[in-house]
Amino acid sequence: MRWRTYVATIALALLSCRANAADEDAPNRAPVKAVADARLAVGDQGLLPLYLSSDWALPLPSITRAVIVLHGRLRNADVYYKSARTAQAAAGQEGKATIMIVPQFLAQVDIDAYKLPDETLRWSLEGWEGGEAALAPNPASSFEALDAILAKLGDRRIFPNLKQVVVAGHSGGAQVAQRYAIAGRGEATLARQHIEVRYVVANPSSYAYFSSERPEPSIAASCAGYDNWKYGMEVRPPYLSDAAPAALEQRYVEREVIYLLGTRDTNPEHSALDKSCMARAQGPYRYARGHAYADAMARRDHGTPNHKLFDVAGVGHDGDKMLTSTCGLAALFDLPGCTADR
């Protein structure tokens, strides 16, 4: 019953606010150009496709770091895997001690196009960005899929010397990374193994706020549902509906988060920018929205967040340039050369 109520409420909110502009819908309705070649079982819920830079079926004692890179709204994990490998190579010795992981959150159109097995997990076109349940074969949250990856990385038989996991995303993937930093349960598994976790949030269209205040209050005032998840704490999906917002916020401020923002990601008409009233209430474009959110978190009454903000000078909405920039390499691999904006 709770699940049906949640679905009905979300449907009404999306209809009233027109959350997905037409120019956002069109590009990601086509099947992906490639499907990842590896598979991971998400409990007994289904199989998640993913790319791996090392075979984790056997022990990997040389691996001390794992970097999970989350693709954007086009579900183009192949493109992000190439960027991930480029960043890995640029990291030198740090890269050699790293496994790069790029999961793929497919949609039904991809399953049909490639005649994938029934047990392959698939989500709605945008639902995976906020941790919503899969459409089939079982209602696994995309966050549960990330939990499964982190559980695999916590297996000391495979990763006896792993010290750090980085969950990074750009654009739509950054929306996943930011929300998972709030909601994710997988970090607890790694903490028991003394494995640190960092979240890198690069150029997302929106953020999940903990209060009803927004940088553009006049837009928020005329936008029904502007404070609903994934933009706020109301009407949260089942994965995190049992946790109080205050507890989620306290967890979030304690987690290590790096906001990675391209200084030229300033086009308010960018074709892939979320232009819903919920997103516009957060600012006119991604760069402004990122700084506004970091400022809002710094003003909250919860102590100093364990967060940093890196400006990537001269870069717009380009995942490859963001991840392979000096600040991108600092965020992913702790390489020197980047100074935090705050």
# chains A, B, ... in the order shown; residues from 1 in each chain; ligands from 1
call {"tool": "select_by_dssp", "arguments": {"residues": "region 89-149 of chain A", "states": "helix (DSSP H, G or I)", "output": "PyMOL selection string"}}
result
chain A and resi 89-90+93-96+108-114+127-130+142-149
call {"tool": "closest_atom_pairs", "arguments": {"of": "region 193-280 of chain A", "to": "region 113-134 of chain A", "cutoff": "8 Å", "atoms": "only C-alpha atoms", "output": "tab-separated table"}}
result
residue	atom	partner	partner_atom	distance
A:Trp229	CA	A:Gly130	CA	7.5
A:Lys230	CA	A:Gly130	CA	5.5
A:Pro237	CA	A:Glu132	CA	6.1
A:Pro238	CA	A:Glu132	CA	7.9
A:Tyr239	CA	A:Gly131	CA	7.3
call {"tool": "write_last_selection", "arguments": {"atoms": "all heavy atoms", "output": "compact mmCIF listing (two decimals), in the first residue's frame"}}
result
# COMPACT_ATOMS: atom_id res chain seq x y z
N TRP A 229 11.26 14.71 -3.22
CA TRP A 229 12.43 13.99 -3.69
C TRP A 229 12.34 13.84 -5.21
O TRP A 229 11.25 13.63 -5.73
CB TRP A 229 12.49 12.62 -3.03
CG TRP A 229 13.73 11.85 -3.34
CD1 TRP A 229 13.89 10.95 -4.34
CD2 TRP A 229 14.97 11.92 -2.64
NE1 TRP A 229 15.16 10.45 -4.32
CE2 TRP A 229 15.85 11.03 -3.29
CE3 TRP A 229 15.44 12.65 -1.55
CZ2 TRP A 229 17.17 10.85 -2.87
CZ3 TRP A 229 16.74 12.47 -1.13
CH2 TRP A 229 17.59 11.57 -1.78
N LYS A 230 13.36 14.04 -5.99
CA LYS A 230 14.75 14.09 -5.67
C LYS A 230 15.30 15.50 -5.42
O LYS A 230 16.51 15.68 -5.26
CB LYS A 230 15.56 13.46 -6.81
CG LYS A 230 15.36 14.18 -8.15
CD LYS A 230 16.06 13.48 -9.29
CE LYS A 230 15.80 14.26 -10.58
NZ LYS A 230 16.52 13.68 -11.71
N PRO A 237 11.40 8.01 -1.91
CA PRO A 237 11.13 6.63 -2.37
C PRO A 237 11.34 5.63 -1.24
O PRO A 237 11.95 5.95 -0.21
CB PRO A 237 12.15 6.43 -3.50
CG PRO A 237 13.25 7.39 -3.20
CD PRO A 237 12.59 8.58 -2.56
N PRO A 238 10.84 4.41 -1.39
CA PRO A 238 10.90 3.43 -0.31
C PRO A 238 12.30 3.19 0.24
O PRO A 238 12.44 2.92 1.44
CB PRO A 238 10.33 2.16 -0.97
CG PRO A 238 9.37 2.69 -1.99
CD PRO A 238 10.03 3.92 -2.54
N TYR A 239 13.33 3.27 -0.59
CA TYR A 239 14.69 3.00 -0.12
C TYR A 239 15.06 3.86 1.08
O TYR A 239 15.80 3.43 1.96
CB TYR A 239 15.69 3.20 -1.26
CG TYR A 239 17.13 2.93 -0.89
CD1 TYR A 239 17.69 1.67 -1.08
CD2 TYR A 239 17.95 3.93 -0.36
CE1 TYR A 239 19.02 1.43 -0.74
CE2 TYR A 239 19.26 3.70 -0.01
CZ TYR A 239 19.79 2.44 -0.21
OH TYR A 239 21.11 2.20 0.14
call {"tool": "residues_around", "arguments": {"residues": "region 306-313 of chain A", "least_positions_apart": "2", "cutoff": "10 Å", "atoms": "only C-alpha atoms", "output": "short mmCIF file (atom, residue, chain, number, x, y, z; two decimals) with all heavy atoms, in the first residue's frame"}}
result
data_model
loop_
_atom_site.label_atom_id
_atom_site.label_comp_id
_atom_site.auth_asym_id
_atom_site.auth_seq_id
_atom_site.Cartn_x
_atom_site.Cartn_y
_atom_site.Cartn_z
N ARG A 198 34.44 8.20 -0.55
CA ARG A 198 34.32 9.59 -0.97
C ARG A 198 33.30 9.67 -2.10
O ARG A 198 33.19 8.75 -2.92
CB ARG A 198 35.67 10.12 -1.45
CG ARG A 198 35.62 11.52 -2.06
CD ARG A 198 36.97 11.91 -2.65
NE ARG A 198 37.99 11.93 -1.61
CZ ARG A 198 39.29 11.86 -1.86
NH1 ARG A 198 39.73 11.73 -3.11
NH2 ARG A 198 40.15 11.90 -0.87
N TYR A 199 32.57 10.78 -2.15
CA TYR A 199 31.58 11.01 -3.21
C TYR A 199 31.99 12.25 -4.01
O TYR A 199 32.28 13.29 -3.43
CB TYR A 199 30.19 11.21 -2.60
CG TYR A 199 29.78 10.05 -1.71
CD1 TYR A 199 30.10 10.04 -0.35
CD2 TYR A 199 29.09 8.96 -2.23
CE1 TYR A 199 29.74 8.98 0.47
CE2 TYR A 199 28.73 7.89 -1.42
CZ TYR A 199 29.06 7.91 -0.07
OH TYR A 199 28.72 6.84 0.73
N VAL A 200 32.03 12.11 -5.32
CA VAL A 200 32.41 13.21 -6.21
C VAL A 200 31.21 13.54 -7.09
O VAL A 200 30.74 12.70 -7.86
CB VAL A 200 33.64 12.85 -7.06
CG1 VAL A 200 33.99 14.00 -8.01
CG2 VAL A 200 34.83 12.51 -6.16
N VAL A 201 30.73 14.78 -6.96
CA VAL A 201 29.49 15.22 -7.60
C VAL A 201 29.85 16.28 -8.63
O VAL A 201 30.13 17.43 -8.28
CB VAL A 201 28.52 15.77 -6.54
CG1 VAL A 201 27.23 16.24 -7.18
CG2 VAL A 201 28.24 14.72 -5.46
N ALA A 202 29.83 15.92 -9.92
CA ALA A 202 30.31 16.80 -10.98
C ALA A 202 29.17 17.27 -11.87
O ALA A 202 28.55 16.49 -12.59
CB ALA A 202 31.38 16.10 -11.82
N TYR A 252 24.79 12.87 5.84
CA TYR A 252 25.36 13.51 4.66
C TYR A 252 26.50 14.46 5.02
O TYR A 252 27.54 14.45 4.37
CB TYR A 252 24.26 14.26 3.91
CG TYR A 252 24.71 14.90 2.61
CD1 TYR A 252 25.21 14.12 1.57
CD2 TYR A 252 24.60 16.27 2.42
CE1 TYR A 252 25.60 14.70 0.38
CE2 TYR A 252 24.98 16.86 1.22
CZ TYR A 252 25.49 16.07 0.21
OH TYR A 252 25.87 16.65 -0.98
N VAL A 253 26.32 15.27 6.04
CA VAL A 253 27.37 16.24 6.37
C VAL A 253 28.62 15.56 6.90
O VAL A 253 29.73 16.10 6.80
CB VAL A 253 26.87 17.30 7.37
CG1 VAL A 253 25.71 18.07 6.80
CG2 VAL A 253 26.50 16.69 8.72
N GLU A 254 28.47 14.36 7.44
CA GLU A 254 29.63 13.63 7.94
C GLU A 254 30.39 12.91 6.83
O GLU A 254 31.57 12.59 7.00
CB GLU A 254 29.18 12.62 9.00
CG GLU A 254 28.67 13.26 10.28
CD GLU A 254 28.05 12.27 11.24
OE1 GLU A 254 27.96 11.07 10.88
OE2 GLU A 254 27.63 12.69 12.34
N ARG A 255 29.73 12.67 5.72
CA ARG A 255 30.39 11.96 4.62
C ARG A 255 31.27 12.90 3.81
O ARG A 255 30.99 14.09 3.70
CB ARG A 255 29.33 11.29 3.73
CG ARG A 255 28.71 10.10 4.43
CD ARG A 255 27.64 9.40 3.63
NE ARG A 255 27.30 8.12 4.26
CZ ARG A 255 26.34 7.32 3.87
NH1 ARG A 255 25.56 7.65 2.83
NH2 ARG A 255 26.11 6.18 4.50
N GLU A 256 32.32 12.33 3.23
CA GLU A 256 33.25 13.14 2.43
C GLU A 256 32.67 13.33 1.03
O GLU A 256 32.49 12.37 0.28
CB GLU A 256 34.62 12.47 2.34
CG GLU A 256 35.63 13.33 1.60
CD GLU A 256 37.00 12.68 1.46
OE1 GLU A 256 37.14 11.52 1.86
OE2 GLU A 256 37.90 13.35 0.93
N VAL A 257 32.38 14.58 0.70
CA VAL A 257 31.79 14.92 -0.58
C VAL A 257 32.61 16.02 -1.24
O VAL A 257 32.98 17.00 -0.58
CB VAL A 257 30.32 15.40 -0.42
CG1 VAL A 257 29.73 15.78 -1.78
CG2 VAL A 257 29.47 14.32 0.25
N ILE A 258 32.89 15.86 -2.52
CA ILE A 258 33.54 16.91 -3.31
C ILE A 258 32.58 17.33 -4.42
O ILE A 258 32.16 16.49 -5.23
CB ILE A 258 34.87 16.44 -3.91
CG1 ILE A 258 35.88 16.16 -2.79
CG2 ILE A 258 35.43 17.48 -4.87
CD1 ILE A 258 37.21 15.60 -3.29
N TYR A 259 32.23 18.60 -4.45
CA TYR A 259 31.46 19.16 -5.56
C TYR A 259 32.45 19.64 -6.61
O TYR A 259 33.31 20.48 -6.33
CB TYR A 259 30.59 20.33 -5.08
CG TYR A 259 29.69 19.98 -3.92
CD1 TYR A 259 29.96 20.44 -2.64
CD2 TYR A 259 28.57 19.18 -4.10
CE1 TYR A 259 29.14 20.12 -1.56
CE2 TYR A 259 27.74 18.85 -3.03
CZ TYR A 259 28.04 19.32 -1.77
OH TYR A 259 27.22 18.99 -0.72
N LEU A 260 32.35 19.10 -7.80
CA LEU A 260 33.27 19.40 -8.90
C LEU A 260 32.47 20.17 -9.95
O LEU A 260 31.60 19.60 -10.62
CB LEU A 260 33.81 18.09 -9.47
CG LEU A 260 35.07 18.11 -10.32
CD1 LEU A 260 36.28 18.58 -9.53
CD2 LEU A 260 35.34 16.71 -10.89
N LEU A 261 32.74 21.48 -10.10
CA LEU A 261 31.90 22.34 -10.92
C LEU A 261 32.70 23.01 -12.03
O LEU A 261 33.70 23.69 -11.77
CB LEU A 261 31.24 23.41 -10.04
CG LEU A 261 30.40 22.90 -8.87
CD1 LEU A 261 29.89 24.08 -8.04
CD2 LEU A 261 29.24 22.05 -9.36
N GLY A 262 32.25 22.82 -13.26
CA GLY A 262 32.87 23.48 -14.41
C GLY A 262 32.46 24.95 -14.46
O GLY A 262 31.26 25.26 -14.47
N THR A 263 33.43 25.84 -14.49
CA THR A 263 33.11 27.27 -14.44
C THR A 263 32.38 27.77 -15.68
O THR A 263 31.79 28.85 -15.65
CB THR A 263 34.39 28.10 -14.25
OG1 THR A 263 35.26 27.91 -15.38
CG2 THR A 263 35.13 27.70 -12.96
N ARG A 264 32.41 26.99 -16.76
CA ARG A 264 31.70 27.39 -17.98
C ARG A 264 30.40 26.61 -18.18
O ARG A 264 29.79 26.72 -19.23
CB ARG A 264 32.63 27.22 -19.19
CG ARG A 264 33.85 28.13 -19.15
CD ARG A 264 34.67 28.03 -20.42
NE ARG A 264 33.91 28.50 -21.58
CZ ARG A 264 34.37 28.45 -22.85
NH1 ARG A 264 35.57 27.94 -23.08
NH2 ARG A 264 33.64 28.89 -23.83
N ASP A 265 29.97 25.88 -17.17
CA ASP A 265 28.68 25.18 -17.27
C ASP A 265 27.59 26.17 -16.85
O ASP A 265 26.94 26.02 -15.81
CB ASP A 265 28.68 23.94 -16.37
CG ASP A 265 27.62 22.92 -16.79
OD1 ASP A 265 26.74 23.28 -17.60
OD2 ASP A 265 27.68 21.78 -16.31
N TYR A 287 26.38 25.62 -12.77
CA TYR A 287 27.45 26.20 -11.96
C TYR A 287 26.86 27.00 -10.79
O TYR A 287 27.29 26.89 -9.65
CB TYR A 287 28.34 27.08 -12.83
CG TYR A 287 29.53 27.67 -12.11
CD1 TYR A 287 30.57 26.85 -11.65
CD2 TYR A 287 29.63 29.04 -11.87
CE1 TYR A 287 31.67 27.37 -10.99
CE2 TYR A 287 30.72 29.58 -11.21
CZ TYR A 287 31.73 28.74 -10.77
OH TYR A 287 32.82 29.27 -10.11
N GLY A 290 25.27 24.65 -8.16
CA GLY A 290 26.24 23.97 -7.32
C GLY A 290 26.77 24.86 -6.20
O GLY A 290 26.85 24.45 -5.04
N HIS A 291 27.12 26.09 -6.55
CA HIS A 291 27.62 27.02 -5.54
C HIS A 291 26.53 27.37 -4.53
O HIS A 291 26.79 27.46 -3.33
CB HIS A 291 28.18 28.27 -6.21
CG HIS A 291 29.62 28.15 -6.59
ND1 HIS A 291 30.64 28.51 -5.74
CD2 HIS A 291 30.21 27.69 -7.72
CE1 HIS A 291 31.81 28.28 -6.33
NE2 HIS A 291 31.58 27.78 -7.54
N ALA A 294 26.17 24.40 -2.09
CA ALA A 294 27.27 24.33 -1.13
C ALA A 294 27.13 25.43 -0.09
O ALA A 294 27.38 25.21 1.11
CB ALA A 294 28.60 24.43 -1.86
N MET A 297 24.36 24.44 2.37
CA MET A 297 24.80 23.42 3.32
C MET A 297 25.71 24.02 4.39
O MET A 297 25.65 23.63 5.56
CB MET A 297 25.51 22.28 2.59
CG MET A 297 24.60 21.40 1.75
SD MET A 297 23.24 20.65 2.67
CE MET A 297 24.12 19.73 3.93
N ALA A 298 26.54 24.98 4.01
CA ALA A 298 27.46 25.61 4.97
C ALA A 298 26.71 26.42 6.01
O ALA A 298 27.20 26.60 7.13
CB ALA A 298 28.45 26.49 4.23
N GLY A 303 26.89 21.79 12.16
CA GLY A 303 28.34 21.71 12.18
C GLY A 303 28.88 21.85 10.77
O GLY A 303 28.14 21.90 9.78
N THR A 304 30.18 21.92 10.65
CA THR A 304 30.82 22.12 9.35
C THR A 304 30.76 20.84 8.53
O THR A 304 31.24 19.79 8.97
CB THR A 304 32.29 22.54 9.53
OG1 THR A 304 32.34 23.72 10.32
CG2 THR A 304 32.93 22.80 8.17
N VAL A 315 36.02 24.81 -18.10
CA VAL A 315 35.33 23.61 -18.58
C VAL A 315 33.83 23.78 -18.41
O VAL A 315 33.36 24.27 -17.38
CB VAL A 315 35.82 22.35 -17.83
CG1 VAL A 315 35.02 21.12 -18.27
CG2 VAL A 315 37.30 22.13 -18.07
N GLY A 316 33.08 23.38 -19.44
CA GLY A 316 31.63 23.43 -19.40
C GLY A 316 31.05 22.07 -19.04
O GLY A 316 31.58 21.35 -18.19
N LYS A 321 36.34 16.01 -19.84
CA LYS A 321 37.25 17.07 -19.38
C LYS A 321 37.16 17.28 -17.88
O LYS A 321 38.16 17.61 -17.23
CB LYS A 321 36.93 18.37 -20.12
CG LYS A 321 37.30 18.34 -21.60
CD LYS A 321 37.01 19.67 -22.28
CE LYS A 321 37.41 19.62 -23.75
NZ LYS A 321 37.10 20.90 -24.45
N MET A 322 35.98 17.09 -17.31
CA MET A 322 35.84 17.24 -15.86
C MET A 322 36.63 16.17 -15.12
O MET A 322 37.40 16.46 -14.20
CB MET A 322 34.37 17.17 -15.47
CG MET A 322 33.53 18.35 -15.92
SD MET A 322 33.96 19.90 -15.09
CE MET A 322 33.42 19.56 -13.42
N LEU A 323 36.47 14.92 -15.51
CA LEU A 323 37.10 13.83 -14.78
C LEU A 323 38.60 13.77 -14.99
O LEU A 323 39.33 13.28 -14.12
CB LEU A 323 36.46 12.50 -15.19
CG LEU A 323 34.98 12.32 -14.85
CD1 LEU A 323 34.48 10.97 -15.32
CD2 LEU A 323 34.73 12.47 -13.34
N SER A 325 40.51 16.49 -15.64
CA SER A 325 41.14 17.76 -15.27
C SER A 325 42.02 17.57 -14.03
O SER A 325 41.97 16.53 -13.36
CB SER A 325 40.07 18.80 -14.98
OG SER A 325 39.35 18.45 -13.80
N THR A 326 42.83 18.57 -13.74
CA THR A 326 43.67 18.50 -12.54
C THR A 326 42.83 18.30 -11.29
O THR A 326 43.15 17.47 -10.43
CB THR A 326 44.50 19.79 -12.40
OG1 THR A 326 45.36 19.92 -13.54
CG2 THR A 326 45.34 19.76 -11.14
N CYS A 327 41.73 19.04 -11.20
CA CYS A 327 40.86 18.90 -10.03
C CYS A 327 40.09 17.58 -10.05
O CYS A 327 39.80 17.00 -9.00
CB CYS A 327 39.90 20.09 -9.94
SG CYS A 327 40.70 21.61 -9.36
N GLY A 328 39.76 17.11 -11.25
CA GLY A 328 39.11 15.81 -11.36
C GLY A 328 40.02 14.71 -10.86
O GLY A 328 39.59 13.82 -10.11
N ALA A 330 42.47 15.09 -8.78
CA ALA A 330 42.62 15.27 -7.34
C ALA A 330 41.44 14.64 -6.59
O ALA A 330 41.63 13.99 -5.55
CB ALA A 330 42.72 16.75 -7.00
N ALA A 331 40.24 14.83 -7.13
CA ALA A 331 39.05 14.29 -6.48
C ALA A 331 39.01 12.77 -6.54
O ALA A 331 38.60 12.11 -5.58
CB ALA A 331 37.80 14.87 -7.13
N CYS A 338 45.28 20.91 -7.16
CA CYS A 338 43.97 21.55 -7.15
C CYS A 338 43.72 22.17 -5.79
O CYS A 338 43.93 21.52 -4.76
CB CYS A 338 42.86 20.56 -7.49
SG CYS A 338 41.21 21.27 -7.51
N THR A 339 43.27 23.41 -5.81
CA THR A 339 42.94 24.11 -4.57
C THR A 339 41.43 24.24 -4.44
O THR A 339 40.76 24.68 -5.38
CB THR A 339 43.56 25.52 -4.55
OG1 THR A 339 44.98 25.40 -4.69
CG2 THR A 339 43.24 26.23 -3.24
N ALA A 340 40.90 23.84 -3.30
CA ALA A 340 39.45 23.91 -3.09
C ALA A 340 38.98 25.35 -3.06
O ALA A 340 39.66 26.23 -2.52
CB ALA A 340 39.08 23.19 -1.80
N ASP A 341 37.82 25.61 -3.65
CA ASP A 341 37.23 26.93 -3.60
C ASP A 341 36.79 27.26 -2.19
O ASP A 341 36.75 28.42 -1.79
CB ASP A 341 36.02 27.00 -4.56
CG ASP A 341 35.35 28.36 -4.55
OD1 ASP A 341 35.91 29.30 -5.13
OD2 ASP A 341 34.26 28.47 -3.95
N ARG A 342 36.43 26.20 -1.41
CA ARG A 342 36.05 26.39 -0.01
C ARG A 342 36.31 25.11 0.75
O ARG A 342 36.52 24.08 0.18
CB ARG A 342 34.58 26.78 0.10
CG ARG A 342 33.60 25.70 -0.32
CD ARG A 342 32.22 26.23 -0.46
NE ARG A 342 32.17 27.13 -1.59
CZ ARG A 342 31.15 27.95 -1.85
NH1 ARG A 342 30.14 28.00 -1.02
NH2 ARG A 342 31.14 28.74 -2.91
#
call {"tool": "atom_distance", "arguments": {"atom1": "CA of Tyr293 (chain A)", "atom2": "CA of Ala244 (chain A)"}}
result
20.4 Å
call {"tool": "select_by_dssp", "arguments": {"residues": "region 115-329 of chain A", "states": "strand (DSSP E)", "output": "MDAnalysis selection string"}}
result
chainID A and resid 164:170 196:202 256:262 307:312
call {"tool": "write_last_selection", "arguments": {"atoms": "N, CA, C and O atoms", "output": "short mmCIF file (atom, residue, chain, number, x, y, z; two decimals), in the first residue's frame"}}
result
data_model
loop_
_atom_site.label_atom_id
_atom_site.label_comp_id
_atom_site.auth_asym_id
_atom_site.auth_seq_id
_atom_site.Cartn_x
_atom_site.Cartn_y
_atom_site.Cartn_z
N GLN A 164 40.28 2.68 -0.17
CA GLN A 164 39.35 3.77 -0.46
C GLN A 164 38.46 3.42 -1.64
O GLN A 164 38.90 2.79 -2.61
N VAL A 165 37.20 3.87 -1.54
CA VAL A 165 36.25 3.76 -2.64
C VAL A 165 35.76 5.17 -2.95
O VAL A 165 35.40 5.93 -2.05
N VAL A 166 35.73 5.51 -4.23
CA VAL A 166 35.23 6.81 -4.69
C VAL A 166 33.99 6.55 -5.54
O VAL A 166 34.05 5.79 -6.51
N VAL A 167 32.89 7.18 -5.17
CA VAL A 167 31.65 7.10 -5.95
C VAL A 167 31.49 8.44 -6.67
O VAL A 167 31.23 9.47 -6.04
N ALA A 168 31.72 8.44 -7.98
CA ALA A 168 31.75 9.69 -8.74
C ALA A 168 30.73 9.65 -9.87
O ALA A 168 30.45 8.59 -10.43
N GLY A 169 30.21 10.81 -10.20
CA GLY A 169 29.29 10.89 -11.33
C GLY A 169 29.32 12.27 -11.94
O GLY A 169 29.65 13.26 -11.28
N HIS A 170 28.98 12.31 -13.22
CA HIS A 170 28.86 13.59 -13.94
C HIS A 170 27.45 13.72 -14.48
O HIS A 170 26.85 12.74 -14.92
N GLU A 196 37.65 3.70 3.44
CA GLU A 196 37.06 5.03 3.36
C GLU A 196 36.25 5.18 2.07
O GLU A 196 36.54 4.54 1.05
N VAL A 197 35.23 6.06 2.13
CA VAL A 197 34.39 6.32 0.96
C VAL A 197 34.32 7.82 0.71
O VAL A 197 34.18 8.60 1.66
N ARG A 198 34.44 8.20 -0.55
CA ARG A 198 34.32 9.59 -0.97
C ARG A 198 33.30 9.67 -2.10
O ARG A 198 33.19 8.75 -2.92
N TYR A 199 32.57 10.78 -2.15
CA TYR A 199 31.58 11.01 -3.21
C TYR A 199 31.99 12.25 -4.01
O TYR A 199 32.28 13.29 -3.43
N VAL A 200 32.03 12.11 -5.32
CA VAL A 200 32.41 13.21 -6.21
C VAL A 200 31.21 13.54 -7.09
O VAL A 200 30.74 12.70 -7.86
N VAL A 201 30.73 14.78 -6.96
CA VAL A 201 29.49 15.22 -7.60
C VAL A 201 29.85 16.28 -8.63
O VAL A 201 30.13 17.43 -8.28
N ALA A 202 29.83 15.92 -9.92
CA ALA A 202 30.31 16.80 -10.98
C ALA A 202 29.17 17.27 -11.87
O ALA A 202 28.55 16.49 -12.59
N GLU A 256 32.32 12.33 3.23
CA GLU A 256 33.25 13.14 2.43
C GLU A 256 32.67 13.33 1.03
O GLU A 256 32.49 12.37 0.28
N VAL A 257 32.38 14.58 0.70
CA VAL A 257 31.79 14.92 -0.58
C VAL A 257 32.61 16.02 -1.24
O VAL A 257 32.98 17.00 -0.58
N ILE A 258 32.89 15.86 -2.52
CA ILE A 258 33.54 16.91 -3.31
C ILE A 258 32.58 17.33 -4.42
O ILE A 258 32.16 16.49 -5.23
N TYR A 259 32.23 18.60 -4.45
CA TYR A 259 31.46 19.16 -5.56
C TYR A 259 32.45 19.64 -6.61
O TYR A 259 33.31 20.48 -6.33
N LEU A 260 32.35 19.10 -7.80
CA LEU A 260 33.27 19.40 -8.90
C LEU A 260 32.47 20.17 -9.95
O LEU A 260 31.60 19.60 -10.62
N LEU A 261 32.74 21.48 -10.10
CA LEU A 261 31.90 22.34 -10.92
C LEU A 261 32.70 23.01 -12.03
O LEU A 261 33.70 23.69 -11.77
N GLY A 262 32.25 22.82 -13.26
CA GLY A 262 32.87 23.48 -14.41
C GLY A 262 32.46 24.95 -14.46
O GLY A 262 31.26 25.26 -14.47
N HIS A 307 32.73 18.58 3.42
CA HIS A 307 32.56 18.77 1.98
C HIS A 307 33.57 19.78 1.46
O HIS A 307 33.97 20.70 2.18
N LYS A 308 33.95 19.62 0.19
CA LYS A 308 34.81 20.58 -0.51
C LYS A 308 34.18 20.92 -1.86
O LYS A 308 33.38 20.14 -2.40
N LEU A 309 34.54 22.06 -2.38
CA LEU A 309 34.09 22.46 -3.71
C LEU A 309 35.31 22.79 -4.56
O LEU A 309 36.13 23.64 -4.17
N PHE A 310 35.44 22.13 -5.70
CA PHE A 310 36.51 22.39 -6.65
C PHE A 310 35.91 23.02 -7.91
O PHE A 310 35.05 22.42 -8.56
N ASP A 311 36.35 24.22 -8.23
CA ASP A 311 36.01 24.83 -9.52
C ASP A 311 36.97 24.33 -10.58
O ASP A 311 38.20 24.35 -10.38
N VAL A 312 36.43 23.86 -11.71
CA VAL A 312 37.26 23.40 -12.82
C VAL A 312 37.24 24.50 -13.87
O VAL A 312 36.27 24.65 -14.62
#
call {"tool": "closest_atom_pairs", "arguments": {"of": "region 39-148 of chain A", "to": "region 171-187 of chain A", "cutoff": "7 Å", "atoms": "only C-alpha atoms", "output": "Markdown table"}}
result
| residue | atom | partner | partner_atom | distance |
| --- | --- | --- | --- | --- |
| A:Leu70 | CA | A:Gly173 | CA | 4.6 |
| A:His71 | CA | A:Gly173 | CA | 4.9 |
| A:Gly72 | CA | A:Gly172 | CA | 4.2 |
| A:Arg73 | CA | A:Gly172 | CA | 4.9 |
| A:Glu129 | CA | A:Val176 | CA | 4.8 |
| A:Gly130 | CA | A:Val176 | CA | 6.1 |
| A:Phe143 | CA | A:Gly184 | CA | 6.4 |
| A:Asp147 | CA | A:Gly186 | CA | 4.4 |
call {"tool": "write_last_selection", "arguments": {"atoms": "N, CA, C and O atoms", "output": "mmCIF file, in the first residue's frame"}}
result
data_model
loop_
_atom_site.group_PDB
_atom_site.id
_atom_site.type_symbol
_atom_site.label_atom_id
_atom_site.label_comp_id
_atom_site.auth_asym_id
_atom_site.auth_seq_id
_atom_site.Cartn_x
_atom_site.Cartn_y
_atom_site.Cartn_z
ATOM 1 N N LEU A 70 29.677 7.012 -12.528
ATOM 2 C CA LEU A 70 28.269 6.876 -12.901
ATOM 3 C C LEU A 70 27.970 7.685 -14.157
ATOM 4 O O LEU A 70 28.264 8.886 -14.209
ATOM 5 N N HIS A 71 27.381 7.032 -15.141
ATOM 6 C CA HIS A 71 27.092 7.673 -16.423
ATOM 7 C C HIS A 71 25.977 8.701 -16.300
ATOM 8 O O HIS A 71 25.277 8.784 -15.274
ATOM 9 N N GLY A 72 25.794 9.469 -17.381
ATOM 10 C CA GLY A 72 24.744 10.472 -17.424
ATOM 11 C C GLY A 72 23.424 9.904 -17.908
ATOM 12 O O GLY A 72 23.248 8.688 -18.053
ATOM 13 N N ARG A 73 22.492 10.803 -18.199
ATOM 14 C CA ARG A 73 21.110 10.424 -18.496
ATOM 15 C C ARG A 73 20.965 9.647 -19.792
ATOM 16 O O ARG A 73 19.950 8.997 -20.017
ATOM 17 N N GLU A 129 18.046 7.956 -11.449
ATOM 18 C CA GLU A 129 18.823 9.095 -10.952
ATOM 19 C C GLU A 129 18.495 9.423 -9.499
ATOM 20 O O GLU A 129 19.312 10.000 -8.787
ATOM 21 N N GLY A 130 17.296 9.077 -9.059
ATOM 22 C CA GLY A 130 16.891 9.399 -7.696
ATOM 23 C C GLY A 130 16.715 8.204 -6.794
ATOM 24 O O GLY A 130 16.164 8.331 -5.702
ATOM 25 N N PHE A 143 19.902 2.562 -5.895
ATOM 26 C CA PHE A 143 20.804 2.651 -4.758
ATOM 27 C C PHE A 143 21.155 1.262 -4.227
ATOM 28 O O PHE A 143 22.255 1.049 -3.726
ATOM 29 N N ASP A 147 24.732 -0.366 -3.548
ATOM 30 C CA ASP A 147 25.033 -1.120 -2.328
ATOM 31 C C ASP A 147 25.715 -2.445 -2.673
ATOM 32 O O ASP A 147 26.654 -2.873 -1.995
#
call {"tool": "residues_around", "arguments": {"residues": "Arg75 (chain A)", "least_positions_apart": "3", "cutoff": "8 Å", "atoms": "only C-alpha atoms", "output": "MDAnalysis selection string"}}
result
chainID A and resid 28 32 71:72 104:106
call {"tool": "closest_residue", "arguments": {"among": "A:Asn228, A:Ser241, A:Thr64, A:Asn76", "to": "Gly154 (chain A)", "atoms": "only C-alpha atoms"}}
result
A:Thr64
call {"tool": "closest_residue", "arguments": {"among": "A:Asp112, A:Ala151, A:Ala77, A:Ala30", "to": "Gly43 (chain A)", "atoms": "only C-alpha atoms"}}
result
A:Ala151
call {"tool": "atom_distance", "arguments": {"atom1": "CA of Gln93 (chain A)", "atom2": "CA of Pro59 (chain A)"}}
result
19.6 Å
call {"tool": "residues_around", "arguments": {"residues": "region 219-224 of chain A", "least_positions_apart": "5", "cutoff": "7 Å", "atoms": "only C-alpha atoms", "output": "JSON, numbers by chain"}}
result
{"A": [17, 214, 277, 278, 281]}
